[in-house]
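The next block is entry.txt, given as compact mmCIF, C-alpha atoms.
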# COMPACT_ATOMS: atom_id res chain seq x y z
CA MET A 40 0.00 0.00 0.00
CA ALA A 41 1.49 3.33 -1.06
CA THR A 42 2.21 5.88 1.64
CA ARG A 43 -0.68 8.34 1.77
CA LYS A 44 -2.90 10.14 4.19
CA ILE A 45 -6.16 8.65 5.36
CA ARG A 46 -9.18 10.85 4.82
CA SER A 47 -12.18 8.55 4.67
CA VAL A 48 -13.33 5.36 6.38
CA LEU A 49 -16.21 3.00 5.69
CA PHE A 50 -17.32 1.35 8.92
CA VAL A 51 -19.34 -1.86 8.63
CA ASP A 52 -21.42 -3.25 11.50
CA ASP A 53 -24.99 -4.48 11.82
CA ASP A 54 -25.47 -2.62 15.14
CA PRO A 55 -26.55 1.01 14.62
CA ASP A 56 -25.33 2.07 18.09
CA VAL A 57 -21.82 0.83 17.36
CA CYS A 58 -21.92 2.61 14.00
CA GLU A 59 -22.83 5.90 15.67
CA VAL A 60 -20.09 5.64 18.27
CA VAL A 61 -17.40 4.78 15.72
CA GLN A 62 -18.58 7.51 13.38
CA ALA A 63 -18.47 10.12 16.16
CA THR A 64 -15.08 8.94 17.40
CA LEU A 65 -13.25 8.94 14.08
CA CYS A 66 -14.94 12.10 12.87
CA LEU A 67 -14.53 14.24 16.00
CA ILE A 68 -11.09 13.06 17.11
CA ALA A 69 -9.37 12.32 13.80
CA GLY A 70 -11.34 14.57 11.49
CA LEU A 71 -12.09 11.72 9.10
CA GLN A 72 -15.02 11.39 6.74
CA VAL A 73 -16.83 8.32 8.09
CA TYR A 74 -19.44 6.36 6.15
CA THR A 75 -21.36 3.43 7.62
CA ALA A 76 -22.85 0.23 6.27
CA GLY A 77 -25.08 -2.27 8.05
CA SER A 78 -24.08 -5.40 6.13
CA GLY A 79 -21.34 -6.91 4.04
CA GLU A 80 -23.45 -6.61 0.89
CA GLN A 81 -24.05 -2.90 1.50
CA ALA A 82 -20.35 -2.40 2.29
CA ILE A 83 -19.34 -3.73 -1.14
CA ASP A 84 -21.82 -1.44 -2.89
CA LEU A 85 -20.64 1.60 -0.91
CA ALA A 86 -16.98 0.72 -1.44
CA TYR A 87 -17.61 0.84 -5.20
CA GLU A 88 -19.46 4.13 -4.91
CA LEU A 89 -17.34 5.98 -2.34
CA ARG A 90 -13.86 4.40 -2.71
CA PRO A 91 -12.92 5.00 0.95
CA ASP A 92 -9.28 4.98 2.01
CA LEU A 93 -10.01 2.30 4.63
CA VAL A 94 -12.72 -0.22 5.52
CA LEU A 95 -13.17 -0.93 9.24
CA MET A 96 -15.41 -3.96 9.58
CA ASP A 97 -16.94 -6.25 12.20
CA VAL A 98 -16.19 -9.93 11.77
CA VAL A 99 -19.55 -11.36 12.84
CA MET A 100 -22.54 -10.09 10.86
CA PRO A 101 -25.71 -11.78 9.61
CA GLY A 102 -25.64 -12.76 5.97
CA LEU A 103 -22.25 -11.92 4.51
CA ASP A 104 -19.76 -11.82 7.39
CA GLY A 105 -16.57 -9.77 7.53
CA PRO A 106 -14.09 -12.33 6.12
CA SER A 107 -16.48 -13.23 3.28
CA THR A 108 -16.94 -9.55 2.49
CA LEU A 109 -13.17 -9.07 2.32
CA GLU A 110 -12.80 -12.08 0.01
CA ARG A 111 -15.38 -10.63 -2.37
CA MET A 112 -13.70 -7.23 -2.26
CA ARG A 113 -10.37 -8.82 -3.20
CA GLU A 114 -12.01 -10.38 -6.27
CA ARG A 115 -13.15 -6.99 -7.62
CA ALA A 116 -10.42 -4.87 -9.17
CA PRO A 117 -11.82 -1.39 -8.43
CA ILE A 118 -11.97 -2.07 -4.67
CA SER A 119 -9.50 -4.93 -4.28
CA GLU A 120 -6.71 -2.73 -2.90
CA ILE A 121 -8.74 -0.91 -0.22
CA PRO A 122 -7.13 -1.72 3.17
CA VAL A 123 -9.37 -3.53 5.65
CA ILE A 124 -9.19 -3.69 9.45
CA PHE A 125 -11.37 -6.15 11.34
CA LEU A 126 -13.09 -5.72 14.70
CA SER A 127 -13.32 -9.05 16.48
CA ALA A 128 -14.48 -10.28 19.89
CA LYS A 129 -12.27 -13.37 19.44
CA MET A 130 -8.67 -12.22 19.53
CA HIS A 131 -6.90 -15.58 19.50
CA PRO A 132 -3.50 -15.41 17.76
CA ALA A 133 -4.49 -18.09 15.25
CA THR A 134 -7.70 -16.23 14.39
CA ALA A 135 -5.89 -12.92 13.97
CA ALA A 136 -3.28 -14.62 11.79
CA HIS A 137 -6.05 -16.06 9.61
CA PHE A 138 -7.54 -12.60 9.06
CA LEU A 139 -4.12 -11.24 8.10
CA GLU A 140 -3.70 -14.11 5.64
CA LEU A 141 -7.00 -13.10 4.05
CA GLY A 142 -5.51 -9.67 3.42
CA ALA A 143 -6.55 -7.52 6.38
CA ILE A 144 -3.94 -5.03 7.61
CA GLY A 145 -4.88 -5.60 11.24
CA VAL A 146 -7.41 -6.68 13.85
CA ILE A 147 -8.83 -4.65 16.76
CA GLY A 148 -10.39 -6.43 19.71
CA LYS A 149 -13.93 -5.97 20.96
CA PRO A 150 -15.04 -4.47 23.21
CA PHE A 151 -13.05 -1.36 22.39
CA ASP A 152 -12.62 1.96 24.16
CA PRO A 153 -14.16 4.64 21.90
CA LEU A 154 -11.53 7.17 23.00
CA LYS A 155 -8.69 4.79 22.08
CA LEU A 156 -10.16 3.42 18.86
CA CYS A 157 -8.73 6.26 16.80
CA ASP A 158 -5.18 5.56 17.97
CA GLU A 159 -5.57 1.85 17.24
CA VAL A 160 -6.88 2.45 13.73
CA LEU A 161 -4.18 5.01 12.88
CA SER A 162 -1.46 2.81 14.34
CA LEU A 163 -2.45 -0.08 12.07
CA TRP A 164 -2.70 2.30 9.13
CA LYS A 165 0.79 3.64 9.87
CA HIS A 166 2.29 0.16 10.17
CA ALA A 167 0.72 -0.73 6.83
CA GLY A 168 2.76 2.03 5.21
CA ALA A 169 0.52 5.10 5.36
CA THR A 170 0.70 8.28 7.40
CA ARG A 171 -1.72 10.64 9.04
CA GLY A 172 -1.11 13.47 11.45
CA VAL A 173 -3.98 13.95 13.91
CA LYS A 174 -4.42 16.91 16.19
CA ARG A 175 -6.44 15.79 19.20
CA THR A 176 -8.25 18.26 21.40
CA HIS A 177 -9.87 18.01 24.81
CA ALA A 178 -13.08 19.34 23.27
CA ALA A 179 -13.17 16.48 20.77
CA HIS A 180 -12.77 13.89 23.53
CA SER A 181 -15.53 15.58 25.53
CA GLN A 182 -17.84 15.49 22.52
CA VAL A 183 -17.20 11.78 22.03
CA GLN A 184 -17.84 11.11 25.72
CA ALA A 185 -21.11 13.07 25.55
CA LYS A 186 -22.14 11.13 22.44
CA VAL A 187 -21.39 7.81 24.11
CA SER A 188 -23.37 8.83 27.23
CA SER A 189 -26.37 9.75 25.12
CA LEU A 190 -26.20 6.50 23.16
CA THR A 191 -25.82 4.52 26.40
CA ALA A 192 -29.17 5.81 27.62
CA SER A 193 -30.75 4.98 24.26
CA PHE A 194 -29.20 1.50 24.34
CA LEU A 195 -30.65 0.75 27.78
CA GLN A 196 -34.13 1.88 26.80
CA ARG A 197 -34.14 0.04 23.48
CA THR A 198 -32.76 -3.10 25.09
CA ARG A 199 -35.58 -3.08 27.65
CA ASP A 200 -37.98 -3.18 24.71
CA ASP A 201 -35.91 -5.90 23.04
CA VAL A 202 -36.04 -8.07 26.17
CA VAL A 203 -39.84 -7.83 26.26
CA ARG A 204 -39.90 -8.79 22.58
CA LEU A 205 -37.49 -11.68 23.14
CA ARG A 206 -39.68 -13.18 25.83
CA SER A 207 -42.75 -12.78 23.64
CA ILE A 208 -41.02 -14.52 20.72
CA VAL A 209 -39.84 -17.38 22.90
CA GLU A 210 -43.32 -17.83 24.36
CA SER A 211 -44.86 -18.12 20.90
CA ALA A 212 -42.06 -20.04 19.19
CA GLY A 213 -42.05 -23.73 18.58
CA HIS A 214 -38.65 -25.35 18.95
CA GLY A 215 -38.41 -25.91 15.23
CA ASN A 216 -39.50 -22.44 14.13
CA GLN A 217 -36.26 -21.38 12.49
CA SER A 218 -37.40 -17.87 11.51
CA LEU A 219 -38.31 -16.94 15.10
CA LEU A 220 -35.16 -18.54 16.48
CA LYS A 221 -33.10 -16.55 13.98
CA GLU A 222 -34.71 -13.37 15.29
CA VAL A 223 -33.90 -14.39 18.87
CA HIS A 224 -30.30 -15.02 17.80
CA ARG A 225 -30.05 -11.70 15.92
CA VAL A 226 -31.45 -9.58 18.77
CA ALA A 227 -29.28 -11.30 21.38
CA HIS A 228 -26.19 -10.86 19.20
CA SER A 229 -26.89 -7.14 18.85
CA ILE A 230 -27.35 -6.70 22.61
CA ARG A 231 -24.16 -8.64 23.31
CA GLY A 232 -22.05 -6.48 21.01
CA ALA A 233 -23.37 -3.12 22.14
CA GLY A 234 -23.40 -4.17 25.81
CA THR A 235 -19.64 -4.69 25.84
CA MET A 236 -18.97 -1.37 24.14
CA PHE A 237 -21.16 0.60 26.54
CA GLY A 238 -19.52 -0.99 29.58
CA PHE A 239 -22.17 -3.50 30.65
CA PRO A 240 -20.33 -6.86 30.66
CA GLU A 241 -23.04 -8.62 32.67
CA VAL A 242 -25.70 -7.59 30.16
CA SER A 243 -23.45 -8.74 27.33
CA ALA A 244 -22.76 -12.09 29.00
CA ALA A 245 -26.48 -12.72 29.59
CA ALA A 246 -27.26 -11.91 25.95
CA GLU A 247 -24.43 -14.16 24.79
CA LYS A 248 -26.02 -17.12 26.63
CA ILE A 249 -29.27 -16.54 24.74
CA GLU A 250 -27.42 -16.14 21.44
CA ARG A 251 -25.44 -19.34 21.99
CA LEU A 252 -28.48 -21.40 22.99
CA ALA A 253 -30.52 -20.16 20.02
CA GLY A 254 -27.59 -20.98 17.74
CA GLU A 255 -27.27 -24.48 19.19
CA VAL A 256 -30.98 -25.11 18.72
CA MET A 257 -30.86 -23.96 15.08
CA ALA A 258 -27.69 -25.94 14.38
CA GLY A 259 -29.32 -29.07 15.82
CA GLY A 260 -31.98 -28.94 13.13
CA MET A 261 -34.66 -30.18 15.50
CA VAL A 262 -38.33 -29.83 14.66
CA SER A 263 -41.33 -28.91 16.69
CA GLY A 264 -42.41 -31.71 18.94
CA THR A 265 -38.92 -33.05 19.58
CA THR A 266 -38.36 -34.53 23.02
CA GLY A 267 -36.80 -31.91 25.25
CA GLU A 268 -38.40 -28.96 23.42
CA PRO A 269 -40.23 -27.60 26.51
CA ALA A 270 -37.02 -27.74 28.53
CA LEU A 271 -35.04 -25.86 25.87
CA LEU A 272 -37.72 -23.21 25.51
CA GLN A 273 -37.76 -22.84 29.29
CA ARG A 274 -33.99 -22.34 29.23
CA LEU A 275 -34.46 -19.53 26.73
CA MET A 276 -37.13 -18.00 28.97
CA ASP A 277 -34.88 -18.29 32.03
CA ARG A 278 -31.99 -16.65 30.21
CA SER A 279 -34.26 -13.88 28.97
CA ALA A 280 -35.31 -13.27 32.59
CA GLN A 281 -31.65 -13.16 33.62
CA LEU A 282 -30.96 -10.62 30.88
CA ALA A 283 -33.84 -8.49 32.16
CA ARG A 284 -32.36 -8.54 35.69
CA GLU A 285 -28.89 -7.61 34.48
CA LEU A 286 -30.38 -4.81 32.40
CA GLU A 287 -32.21 -3.33 35.36
CA ALA A 288 -29.03 -3.51 37.44
CA ALA A 289 -27.15 -1.71 34.65
CA GLY A 290 -29.82 0.97 34.58
CA ARG A 291 -29.51 1.55 38.33
CA THR A 292 -25.72 1.78 38.06
CA THR A 293 -25.97 4.29 35.24
CA HIS A 294 -28.46 6.36 37.20
CA ARG A 295 -26.14 6.45 40.22
CA ARG A 296 -23.20 7.46 38.05
CA ALA A 297 -25.21 10.26 36.49
CA GLY A 298 -26.21 11.49 39.96
CA MET A 299 -22.62 11.47 41.16
CA PHE A 300 -21.47 13.33 38.06
CA GLN A 301 -24.18 15.95 38.55
CA SER A 302 -23.13 16.39 42.20
CA LEU A 303 -19.53 16.93 41.15
CA ARG A 304 -20.60 19.57 38.67
CA ILE A 305 -22.60 21.39 41.35
CA CYS A 306 -19.65 21.27 43.76
CA ARG A 307 -17.42 22.84 41.17
Now, as a test, write the supplied structure out as structure tokens.
Amino acid sequence: MATRKIRSVLFVDDDPDVCEVVQATLCLIAGLQVYTAGSGEQAIDLAYELRPDLVLMDVVMPGLDGPSTLERMRERAPISEIPVIFLSAKMHPATAAHFLELGAIGVIGKPFDPLKLCDEVLSLWKHAGATRGVKRTHAAHSQVQAKVSSLTASFLQRTRDDVVRLRSIVESAGHGNQSLLKEVHRVAHSIRGAGTMFGFPEVSAAAEKIERLAGEVMAGGMVSGTTGEPALLQRLMDRSAQLARELEAAGRTTHRRAGMFQSLRICR
């Protein structure tokens, strides 16, 4: 990759909250033009249209995942040379090495610190042979922190609604209803990813249990009426209830933090 400055980034993730945080971080701190895509298919279309300097992409996405998206990009001459960095929750050396073999210039672990993401991206860009001077300001960091705080509140409220919907889906789903189980898996995956980023590991862990169980059920290929179906559905209900409890605990913690922050502001 020729040495050049980075001006634009295409960020790819199926979670809109994560997209907003990354967009705010790279735009406010690094002054980059940041585009977002919600799927691998959309990322390929936008890469053709926008020709970004860099693609920053989640590994796990429904439909076309990150590695598959990169493979398709490498097969298309107009976008084959665009550098790609992956975001991955599984940072095993062998996995990271595999992504590099596919052609990525680096891998960033999830969850990530929004205020440090810029440095990680630019460091990988620099090591790949490009340069970019970034002037960071306290105001930019404050703006990112304010954006994250606002999105955290939105995440908690939306996730409360998602938990109610999850329990309703599980109640009405037969064990072999693949379409409903896919929705359970998708919602839980989204909560897990955003939960880690917003600093709620317990919420993320509870959502991961639901995601894993729904995935196991779908992978088993069982049909409605299979022996053990009531027990598995009950496990999904129990894990949904656990997620609801962790979510309420996260809400109380956030409320206390906000109160303490307000008190500090008054004291000043």
- [ ] Excluding A:Pro153 and any residue of its chain fewer than 4 positions from it, enumerate the residues within 12 Å of it, using all atoms listed in the file, and give them as a PyMOL selection string.
- [x] chain A and resi 57-68+147-149+157-160+179-188+235-238
TODO: Using atom CA of A:Arg111 and atom CA of A:Asp92 as the two end points, give the distance in Å to one decimal.
DONE: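 Between atom CA of A:Arg111 and atom CA of A:Asp92 the gap is 17.3 Å.
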TODO: Compare A:Asp52, A:Phe151, A:Ile230, A:Leu109 by their minimum atom-to-atom distance to A:Leu139, counting only C-alpha atoms, and give me the closest one.
DONE: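 Going through A:Asp52, A:Phe151, A:Ile230, A:Leu109 one by one, the smallest distance to A:Leu139 is for A:Leu109.
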Task: Exercise: A:Val223 partners within 8 Å, all atoms listed in the file, chain neighbours under 4 positions left out, as a list of chain:residue names - done: A:Leu205, A:Ile208, A:Val209, A:Leu219, A:Ala227, A:Ile249, A:Glu250, A:Ala253
Open item on the list: Would you compute the distance between atom CA of A:Phe125 and atom CA of A:Gly70? Give it in Å to one decimal.
Closed with: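 Interatomic distance, atom CA of A:Phe125 to atom CA of A:Gly70: 20.7 Å.
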Do you know which residues are at most 10 Å from stretch 272-283 of chain A counting all atoms listed in the file, after dropping those on the same chain fewer than 2 positions away, and could you put them as a short mmCIF file (atom, residue, chain, number, x, y, z; two decimals) with C-alpha atoms, keeping the file's coordinate frame?
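Listing of selection21.cif after writing:
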data_model
loop_
_atom_site.label_atom_id
_atom_site.label_comp_id
_atom_site.auth_asym_id
_atom_site.auth_seq_id
_atom_site.Cartn_x
_atom_site.Cartn_y
_atom_site.Cartn_z
CA THR A 198 -32.76 -3.10 25.09
CA ARG A 199 -35.58 -3.08 27.65
CA ASP A 201 -35.91 -5.90 23.04
CA VAL A 202 -36.04 -8.07 26.17
CA VAL A 203 -39.84 -7.83 26.26
CA ARG A 204 -39.90 -8.79 22.58
CA LEU A 205 -37.49 -11.68 23.14
CA ARG A 206 -39.68 -13.18 25.83
CA SER A 207 -42.75 -12.78 23.64
CA ILE A 208 -41.02 -14.52 20.72
CA VAL A 209 -39.84 -17.38 22.90
CA GLU A 210 -43.32 -17.83 24.36
CA SER A 211 -44.86 -18.12 20.90
CA ALA A 212 -42.06 -20.04 19.19
CA GLY A 213 -42.05 -23.73 18.58
CA HIS A 214 -38.65 -25.35 18.95
CA VAL A 223 -33.90 -14.39 18.87
CA ALA A 227 -29.28 -11.30 21.38
CA ILE A 230 -27.35 -6.70 22.61
CA GLU A 241 -23.04 -8.62 32.67
CA VAL A 242 -25.70 -7.59 30.16
CA SER A 243 -23.45 -8.74 27.33
CA ALA A 244 -22.76 -12.09 29.00
CA ALA A 245 -26.48 -12.72 29.59
CA ALA A 246 -27.26 -11.91 25.95
CA GLU A 247 -24.43 -14.16 24.79
CA LYS A 248 -26.02 -17.12 26.63
CA ILE A 249 -29.27 -16.54 24.74
CA GLU A 250 -27.42 -16.14 21.44
CA LEU A 252 -28.48 -21.40 22.99
CA ALA A 253 -30.52 -20.16 20.02
CA VAL A 256 -30.98 -25.11 18.72
CA GLY A 267 -36.80 -31.91 25.25
CA GLU A 268 -38.40 -28.96 23.42
CA PRO A 269 -40.23 -27.60 26.51
CA ALA A 270 -37.02 -27.74 28.53
CA GLU A 285 -28.89 -7.61 34.48
CA LEU A 286 -30.38 -4.81 32.40
CA GLU A 287 -32.21 -3.33 35.36
CA ALA A 288 -29.03 -3.51 37.44
CA ALA A 289 -27.15 -1.71 34.65
#
Open item on the list: Can you measure atom CA of A:Thr191 to atom CA of A:Asp56 for me? One decimal in Å is fine.
Closed with: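 Computing the Euclidean distance for atom CA of A:Thr191 and atom CA of A:Asp56 yields 8.7 Å.
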- [ ] Would you please work out which residue, of A:Gly290, A:Gly254, A:Pro117, A:Pro150, is nearest to A:Asp84 when using all atoms listed in the file?
- [x]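 Looking at the shortest contact to A:Asp84, the residue is A:Pro117.
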TODO: May I ask which of the residues A:Leu89, A:Ala233, A:Leu126, A:Ala192 is the closest one to A:Asp104, counting only C-alpha atoms?
DONE: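 For A:Asp104, the nearest of the given residues is A:Leu126.
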Open item on the list: Taking 6 positions as the minimum chain separation for residues in the same chain, which residues sit within 7 Å of stretch 142-144 of chain A when counting all atoms listed in the file? Answer as a count of residues only.
Closed with: 5
- [ ] Identify which of the residues A:Ala116, A:Ala128, A:Val51, A:Ala135 lies closest to A:His228, counting all atoms listed in the file when measuring atom-to-atom distances.
- [x]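 Ranked by minimum distance to A:His228, first place goes to A:Ala128.
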Please supply stretch 276-287 of chain A, rebuilt with all heavy atoms, as a PDB file, in the frame of the given file.
ATOM      1  N   MET A 276     -36.353 -18.909  28.128  1.00  0.00           N
ATOM      2  CA  MET A 276     -37.130 -18.000  28.970  1.00  0.00           C
ATOM      3  C   MET A 276     -36.330 -17.599  30.206  1.00  0.00           C
ATOM      4  O   MET A 276     -36.304 -16.426  30.603  1.00  0.00           O
ATOM      5  CB  MET A 276     -38.446 -18.667  29.390  1.00  0.00           C
ATOM      6  CG  MET A 276     -39.473 -18.748  28.281  1.00  0.00           C
ATOM      7  SD  MET A 276     -40.026 -17.098  27.725  1.00  0.00           S
ATOM      8  CE  MET A 276     -40.873 -16.544  29.214  1.00  0.00           C
ATOM      9  N   ASP A 277     -35.671 -18.574  30.833  1.00  0.00           N
ATOM     10  CA  ASP A 277     -34.880 -18.290  32.030  1.00  0.00           C
ATOM     11  C   ASP A 277     -33.735 -17.320  31.715  1.00  0.00           C
ATOM     12  O   ASP A 277     -33.443 -16.404  32.494  1.00  0.00           O
ATOM     13  CB  ASP A 277     -34.305 -19.583  32.609  1.00  0.00           C
ATOM     14  CG  ASP A 277     -35.384 -20.486  33.190  1.00  0.00           C
ATOM     15  OD1 ASP A 277     -36.501 -19.983  33.442  1.00  0.00           O
ATOM     16  OD2 ASP A 277     -35.111 -21.683  33.385  1.00  0.00           O
ATOM     17  N   ARG A 278     -33.105 -17.523  30.578  1.00  0.00           N
ATOM     18  CA  ARG A 278     -31.990 -16.650  30.210  1.00  0.00           C
ATOM     19  C   ARG A 278     -32.478 -15.259  29.819  1.00  0.00           C
ATOM     20  O   ARG A 278     -31.778 -14.265  30.043  1.00  0.00           O
ATOM     21  CB  ARG A 278     -31.184 -17.292  29.083  1.00  0.00           C
ATOM     22  CG  ARG A 278     -30.448 -18.543  29.572  1.00  0.00           C
ATOM     23  CD  ARG A 278     -29.607 -19.213  28.513  1.00  0.00           C
ATOM     24  NE  ARG A 278     -28.932 -20.378  29.081  1.00  0.00           N
ATOM     25  CZ  ARG A 278     -28.074 -21.133  28.420  1.00  0.00           C
ATOM     26  NH1 ARG A 278     -27.779 -20.849  27.167  1.00  0.00           N
ATOM     27  NH2 ARG A 278     -27.502 -22.166  29.002  1.00  0.00           N
ATOM     28  N   SER A 279     -33.677 -15.187  29.264  1.00  0.00           N
ATOM     29  CA  SER A 279     -34.260 -13.880  28.970  1.00  0.00           C
ATOM     30  C   SER A 279     -34.567 -13.131  30.271  1.00  0.00           C
ATOM     31  O   SER A 279     -34.364 -11.915  30.378  1.00  0.00           O
ATOM     32  CB  SER A 279     -35.539 -14.038  28.148  1.00  0.00           C
ATOM     33  OG  SER A 279     -35.261 -14.616  26.892  1.00  0.00           O
ATOM     34  N   ALA A 280     -35.036 -13.877  31.284  1.00  0.00           N
ATOM     35  CA  ALA A 280     -35.310 -13.270  32.590  1.00  0.00           C
ATOM     36  C   ALA A 280     -34.020 -12.788  33.239  1.00  0.00           C
ATOM     37  O   ALA A 280     -33.975 -11.712  33.860  1.00  0.00           O
ATOM     38  CB  ALA A 280     -36.017 -14.276  33.495  1.00  0.00           C
ATOM     39  N   GLN A 281     -32.946 -13.568  33.088  1.00  0.00           N
ATOM     40  CA  GLN A 281     -31.650 -13.160  33.620  1.00  0.00           C
ATOM     41  C   GLN A 281     -31.167 -11.885  32.935  1.00  0.00           C
ATOM     42  O   GLN A 281     -30.642 -10.967  33.581  1.00  0.00           O
ATOM     43  CB  GLN A 281     -30.616 -14.261  33.433  1.00  0.00           C
ATOM     44  CG  GLN A 281     -29.239 -13.886  33.989  1.00  0.00           C
ATOM     45  CD  GLN A 281     -28.171 -14.910  33.655  1.00  0.00           C
ATOM     46  OE1 GLN A 281     -28.443 -15.917  33.017  1.00  0.00           O
ATOM     47  NE2 GLN A 281     -26.948 -14.649  34.086  1.00  0.00           N
ATOM     48  N   LEU A 282     -31.343 -11.814  31.615  1.00  0.00           N
ATOM     49  CA  LEU A 282     -30.960 -10.620  30.880  1.00  0.00           C
ATOM     50  C   LEU A 282     -31.730  -9.402  31.373  1.00  0.00           C
ATOM     51  O   LEU A 282     -31.162  -8.319  31.532  1.00  0.00           O
ATOM     52  CB  LEU A 282     -31.205 -10.836  29.382  1.00  0.00           C
ATOM     53  CG  LEU A 282     -30.961  -9.635  28.464  1.00  0.00           C
ATOM     54  CD1 LEU A 282     -29.531  -9.124  28.594  1.00  0.00           C
ATOM     55  CD2 LEU A 282     -31.271 -10.005  27.013  1.00  0.00           C
ATOM     56  N   ALA A 283     -33.024  -9.592  31.649  1.00  0.00           N
ATOM     57  CA  ALA A 283     -33.840  -8.490  32.160  1.00  0.00           C
ATOM     58  C   ALA A 283     -33.305  -7.998  33.509  1.00  0.00           C
ATOM     59  O   ALA A 283     -33.242  -6.787  33.768  1.00  0.00           O
ATOM     60  CB  ALA A 283     -35.293  -8.925  32.293  1.00  0.00           C
ATOM     61  N   ARG A 284     -32.898  -8.922  34.373  1.00  0.00           N
ATOM     62  CA  ARG A 284     -32.360  -8.540  35.690  1.00  0.00           C
ATOM     63  C   ARG A 284     -31.042  -7.787  35.545  1.00  0.00           C
ATOM     64  O   ARG A 284     -30.819  -6.768  36.222  1.00  0.00           O
ATOM     65  CB  ARG A 284     -32.181  -9.782  36.565  1.00  0.00           C
ATOM     66  CG  ARG A 284     -33.490 -10.437  37.002  1.00  0.00           C
ATOM     67  CD  ARG A 284     -33.242 -11.477  38.088  1.00  0.00           C
ATOM     68  NE  ARG A 284     -32.447 -12.604  37.611  1.00  0.00           N
ATOM     69  CZ  ARG A 284     -32.979 -13.689  37.057  1.00  0.00           C
ATOM     70  NH1 ARG A 284     -34.286 -13.808  36.906  1.00  0.00           N
ATOM     71  NH2 ARG A 284     -32.188 -14.689  36.652  1.00  0.00           N
ATOM     72  N   GLU A 285     -30.175  -8.275  34.681  1.00  0.00           N
ATOM     73  CA  GLU A 285     -28.890  -7.610  34.480  1.00  0.00           C
ATOM     74  C   GLU A 285     -29.092  -6.220  33.877  1.00  0.00           C
ATOM     75  O   GLU A 285     -28.368  -5.267  34.200  1.00  0.00           O
ATOM     76  CB  GLU A 285     -28.003  -8.441  33.553  1.00  0.00           C
ATOM     77  CG  GLU A 285     -27.617  -9.800  34.102  1.00  0.00           C
ATOM     78  CD  GLU A 285     -26.755  -9.717  35.347  1.00  0.00           C
ATOM     79  OE1 GLU A 285     -26.331  -8.612  35.726  1.00  0.00           O
ATOM     80  OE2 GLU A 285     -26.489 -10.778  35.961  1.00  0.00           O
ATOM     81  N   LEU A 286     -30.093  -6.096  33.022  1.00  0.00           N
ATOM     82  CA  LEU A 286     -30.380  -4.810  32.400  1.00  0.00           C
ATOM     83  C   LEU A 286     -30.859  -3.792  33.422  1.00  0.00           C
ATOM     84  O   LEU A 286     -30.440  -2.624  33.408  1.00  0.00           O
ATOM     85  CB  LEU A 286     -31.419  -5.000  31.297  1.00  0.00           C
ATOM     86  CG  LEU A 286     -31.739  -3.781  30.437  1.00  0.00           C
ATOM     87  CD1 LEU A 286     -30.495  -3.338  29.676  1.00  0.00           C
ATOM     88  CD2 LEU A 286     -32.857  -4.122  29.462  1.00  0.00           C
ATOM     89  N   GLU A 287     -31.732  -4.234  34.324  1.00  0.00           N
ATOM     90  CA  GLU A 287     -32.210  -3.330  35.360  1.00  0.00           C
ATOM     91  C   GLU A 287     -31.076  -2.907  36.298  1.00  0.00           C
ATOM     92  O   GLU A 287     -30.990  -1.752  36.725  1.00  0.00           O
ATOM     93  CB  GLU A 287     -33.342  -3.992  36.153  1.00  0.00           C
ATOM     94  CG  GLU A 287     -34.634  -4.128  35.365  1.00  0.00           C
ATOM     95  CD  GLU A 287     -35.071  -2.811  34.733  1.00  0.00           C
ATOM     96  OE1 GLU A 287     -35.143  -1.791  35.456  1.00  0.00           O
ATOM     97  OE2 GLU A 287     -35.329  -2.798  33.521  1.00  0.00           O
TER      98      GLU A 287
END
